[in-house]
Amino acid sequence: QAVRKRYRAAIIDEFQDIAKISGAQSILRNALESLDLIPIIVMGSKQHLLSQVLAAPNAPMAFWGKDLNLQAIPYKEYTTYINERFKIRGLMIEESASQYLQNIMNRVPESINILCDHLLNNYNNIDLSPIEIDSAITKVVNNIAPRYESYLSNFTNNEGKLFSRIAKKSTVLEPMGKEFVSSIGITPRAVSKIIEKATDIGILSRSEKGYLITDPLFREFLKQYK
């Protein structure tokens, strides 16, 4: 039993959402610190909310634990993995085509795997090129379009317009800038509120190149249908 306890761990996913619950951070910190013999792993995908919980000096959990930033899987390693899975159908993807596939899916593993699964089930005995990849993206998006249509119905017309515009531009460095605001016909104040809301719920992310649609397949849906 002592050996089993040594390998137990507490894992909390989407940890940043605790920022939205008043008073929860103090309670959780006390609870986690009472588990001093158990490894604790907290994970989150929304950096701006994580910073509010773990980096703000007055936050109850400020500087708790140690940081581990997960980087994108290296292109070559992912290409090797993809080709290992593709062998069963006689498929092959060269490094350049694999990088194209990974980049167009924003190097998001879930989206890459969805796209590769479609390729695996619809092609055999060929070297895959960007032509097949683009065709696969169109077909995957067509298959899940009703799901995204339903999801988009939860947002206002202005929110949908902003998401669509960002999707078509891939990234927007200054969404409150005069040029972008005038292109969608929404006031800067309204754009600011939409950006804040969309970032909090994970529809938008911010990179060094600007704001982008977090889910690359949702981005492709918006580009094709909106």
# chains A, B, ... in the order shown; residues from 1 in each chain; ligands from 1

call {"tool": "select_by_dssp", "arguments": {"residues": "stretch 6-48 of chain A", "states": "alpha helix (DSSP H)", "output": "list of chain:residue names"}}
result
A:Arg6, A:Ala24, A:Gln25, A:Ser26, A:Ile27, A:Leu28, A:Arg29, A:Asn30, A:Ala31, A:Leu32, A:Glu33, A:Gln47, A:His48

call {"tool": "select_by_dssp", "arguments": {"residues": "stretch 71-191 of chain A", "states": "strand (DSSP E)", "output": "list in words"}}
result
Met92, Ile93, Asp127 and Leu128 of chain A

call {"tool": "write_last_selection", "arguments": {"atoms": "all heavy atoms", "output": "PDB file, in the first residue's frame"}}
result
ATOM      1  N   MET A  92       2.384   7.896 -47.266  1.00  0.00           N
ATOM      2  CA  MET A  92       3.652   8.529 -46.902  1.00  0.00           C
ATOM      3  C   MET A  92       3.466  10.033 -46.994  1.00  0.00           C
ATOM      4  O   MET A  92       2.791  10.535 -47.895  1.00  0.00           O
ATOM      5  CB  MET A  92       4.758   8.069 -47.857  1.00  0.00           C
ATOM      6  CG  MET A  92       6.085   8.764 -47.638  1.00  0.00           C
ATOM      7  SD  MET A  92       6.875   8.236 -46.094  1.00  0.00           S
ATOM      8  CE  MET A  92       8.351   9.273 -46.116  1.00  0.00           C
ATOM      9  N   ILE A  93       4.045  10.748 -46.043  1.00  0.00           N
ATOM     10  CA  ILE A  93       4.001  12.211 -46.101  1.00  0.00           C
ATOM     11  C   ILE A  93       5.412  12.745 -45.887  1.00  0.00           C
ATOM     12  O   ILE A  93       6.088  12.393 -44.917  1.00  0.00           O
ATOM     13  CB  ILE A  93       3.012  12.794 -45.062  1.00  0.00           C
ATOM     14  CG1 ILE A  93       2.861  14.309 -45.262  1.00  0.00           C
ATOM     15  CG2 ILE A  93       3.409  12.466 -43.631  1.00  0.00           C
ATOM     16  CD1 ILE A  93       1.675  14.901 -44.531  1.00  0.00           C
ATOM     17  N   ASP A 127       1.924   9.228 -51.938  1.00  0.00           N
ATOM     18  CA  ASP A 127       2.635  10.232 -51.152  1.00  0.00           C
ATOM     19  C   ASP A 127       1.710  11.443 -51.044  1.00  0.00           C
ATOM     20  O   ASP A 127       1.351  12.047 -52.063  1.00  0.00           O
ATOM     21  CB  ASP A 127       3.942  10.632 -51.826  1.00  0.00           C
ATOM     22  CG  ASP A 127       4.997   9.532 -51.758  1.00  0.00           C
ATOM     23  OD1 ASP A 127       4.778   8.549 -51.025  1.00  0.00           O
ATOM     24  OD2 ASP A 127       6.019   9.661 -52.448  1.00  0.00           O
ATOM     25  N   LEU A 128       1.326  11.783 -49.834  1.00  0.00           N
ATOM     26  CA  LEU A 128       0.373  12.867 -49.623  1.00  0.00           C
ATOM     27  C   LEU A 128       1.024  14.227 -49.870  1.00  0.00           C
ATOM     28  O   LEU A 128       2.148  14.479 -49.451  1.00  0.00           O
ATOM     29  CB  LEU A 128      -0.180  12.803 -48.206  1.00  0.00           C
ATOM     30  CG  LEU A 128      -1.054  11.576 -47.901  1.00  0.00           C
ATOM     31  CD1 LEU A 128      -1.212  11.385 -46.406  1.00  0.00           C
ATOM     32  CD2 LEU A 128      -2.410  11.706 -48.572  1.00  0.00           C
TER      33      LEU A 128
END

call {"tool": "atom_distance", "arguments": {"atom1": "atom CA of A:Lys161", "atom2": "atom CA of A:Leu115"}}
result
26.2 Å

call {"tool": "closest_residue", "arguments": {"among": "A:Gly202, A:Asn154, A:Phe86, A:Gln25", "to": "A:Gly44", "atoms": "only C-alpha atoms"}}
result
A:Gly202

call {"tool": "residues_around", "arguments": {"residues": "stretch 95-101 of chain A", "least_positions_apart": "6", "cutoff": "12 Å", "atoms": "only C-alpha atoms", "output": "VMD selection string"}}
result
chain A and resid 73 to 83 107 to 109 111 to 116 119 127 to 137 216

call {"tool": "residues_around", "arguments": {"residues": "stretch 178-185 of chain A", "least_positions_apart": "4", "cutoff": "10 Å", "atoms": "only C-alpha atoms", "output": "list in words"}}
result
Asn158, Lys161, Leu162, Ser164, Arg165, Ile166, Val172, Leu173, Glu174, Arg189, Ala190 and Val191 of chain A

call {"tool": "closest_residue", "arguments": {"among": "A:Asp67, A:Gly177, A:Val42, A:Ser170", "to": "A:Asn103", "atoms": "only C-alpha atoms"}}
result
A:Ser170

call {"tool": "closest_residue", "arguments": {"among": "A:Asp13, A:Glu208, A:Glu159, A:Glu220", "to": "A:Asn142", "atoms": "only C-alpha atoms"}}
result
A:Glu220

call {"tool": "atom_distance", "arguments": {"atom1": "atom CA of A:Tyr123", "atom2": "atom CA of A:Lys168"}}
result
28.6 Å

call {"tool": "closest_residue", "arguments": {"among": "A:Met105, A:Ile41, A:Val140, A:Leu120", "to": "A:Thr214", "atoms": "only C-alpha atoms"}}
result
A:Met105

call {"tool": "residues_around", "arguments": {"residues": "A:Ile194", "least_positions_apart": "6", "cutoff": "12 Å", "atoms": "only C-alpha atoms", "output": "mmCIF file with C-alpha atoms, in the first residue's frame"}}
result
data_model
loop_
_atom_site.group_PDB
_atom_site.id
_atom_site.type_symbol
_atom_site.label_atom_id
_atom_site.label_comp_id
_atom_site.auth_asym_id
_atom_site.auth_seq_id
_atom_site.Cartn_x
_atom_site.Cartn_y
_atom_site.Cartn_z
ATOM 1 C CA PHE A 155 -23.352 34.196 -30.193
ATOM 2 C CA THR A 156 -24.639 37.546 -31.384
ATOM 3 C CA ASN A 157 -24.449 38.684 -34.981
ATOM 4 C CA ASN A 158 -21.615 41.096 -34.131
ATOM 5 C CA GLU A 159 -19.665 38.356 -32.380
ATOM 6 C CA GLY A 160 -20.078 36.084 -35.379
ATOM 7 C CA LYS A 161 -18.944 38.852 -37.740
ATOM 8 C CA LEU A 162 -15.817 39.464 -35.692
ATOM 9 C CA PHE A 163 -14.950 35.750 -35.490
ATOM 10 C CA PRO A 175 -8.401 44.243 -33.468
ATOM 11 C CA MET A 176 -9.282 47.628 -31.959
ATOM 12 C CA ILE A 186 -18.519 47.465 -35.038
ATOM 13 C CA THR A 187 -17.436 50.132 -32.545
ATOM 14 C CA PRO A 188 -14.004 49.763 -30.883
ATOM 15 C CA ASP A 200 -11.969 34.086 -21.681
ATOM 16 C CA ILE A 201 -14.018 31.225 -23.132
ATOM 17 C CA GLY A 202 -11.222 30.052 -25.403
ATOM 18 C CA ILE A 203 -12.552 30.941 -28.853
ATOM 19 C CA LEU A 204 -9.697 33.382 -29.389
#

call {"tool": "residues_around", "arguments": {"residues": "A:Ala62", "least_positions_apart": "5", "cutoff": "9 Å", "atoms": "only C-alpha atoms", "output": "number ranges by chain"}}
result
A: 51-57

call {"tool": "write_last_selection", "arguments": {"atoms": "N, CA, C and O atoms", "output": "mmCIF file, in the first residue's frame"}}
result
data_model
loop_
_atom_site.group_PDB
_atom_site.id
_atom_site.type_symbol
_atom_site.label_atom_id
_atom_site.label_comp_id
_atom_site.auth_asym_id
_atom_site.auth_seq_id
_atom_site.Cartn_x
_atom_site.Cartn_y
_atom_site.Cartn_z
ATOM 1 N N SER A 51 -2.446 33.498 -15.556
ATOM 2 C CA SER A 51 -1.622 34.550 -14.962
ATOM 3 C C SER A 51 -2.365 35.264 -13.841
ATOM 4 O O SER A 51 -1.749 35.684 -12.855
ATOM 5 N N GLN A 52 -3.693 35.400 -13.969
ATOM 6 C CA GLN A 52 -4.474 36.028 -12.906
ATOM 7 C C GLN A 52 -4.442 35.187 -11.633
ATOM 8 O O GLN A 52 -4.473 35.714 -10.524
ATOM 9 N N VAL A 53 -4.379 33.872 -11.796
ATOM 10 C CA VAL A 53 -4.410 32.964 -10.647
ATOM 11 C C VAL A 53 -3.024 32.772 -10.046
ATOM 12 O O VAL A 53 -2.866 32.758 -8.819
ATOM 13 N N LEU A 54 -2.010 32.645 -10.892
ATOM 14 C CA LEU A 54 -0.697 32.211 -10.413
ATOM 15 C C LEU A 54 0.384 33.292 -10.430
ATOM 16 O O LEU A 54 1.438 33.096 -9.817
ATOM 17 N N ALA A 55 0.139 34.393 -11.131
ATOM 18 C CA ALA A 55 1.187 35.407 -11.253
ATOM 19 C C ALA A 55 0.846 36.739 -10.606
ATOM 20 O O ALA A 55 1.744 37.482 -10.201
ATOM 21 N N ALA A 56 -0.446 37.074 -10.512
ATOM 22 C CA ALA A 56 -0.831 38.347 -9.885
ATOM 23 C C ALA A 56 -0.365 38.357 -8.429
ATOM 24 O O ALA A 56 -0.684 37.431 -7.668
ATOM 25 N N PRO A 57 0.405 39.368 -7.998
ATOM 26 C CA PRO A 57 0.990 39.372 -6.647
ATOM 27 C C PRO A 57 -0.014 39.220 -5.518
ATOM 28 O O PRO A 57 0.300 38.643 -4.474
#

call {"tool": "residues_around", "arguments": {"residues": "A:Ile144", "least_positions_apart": "6", "cutoff": "10 Å", "atoms": "only C-alpha atoms", "output": "count of residues only"}}
result
3
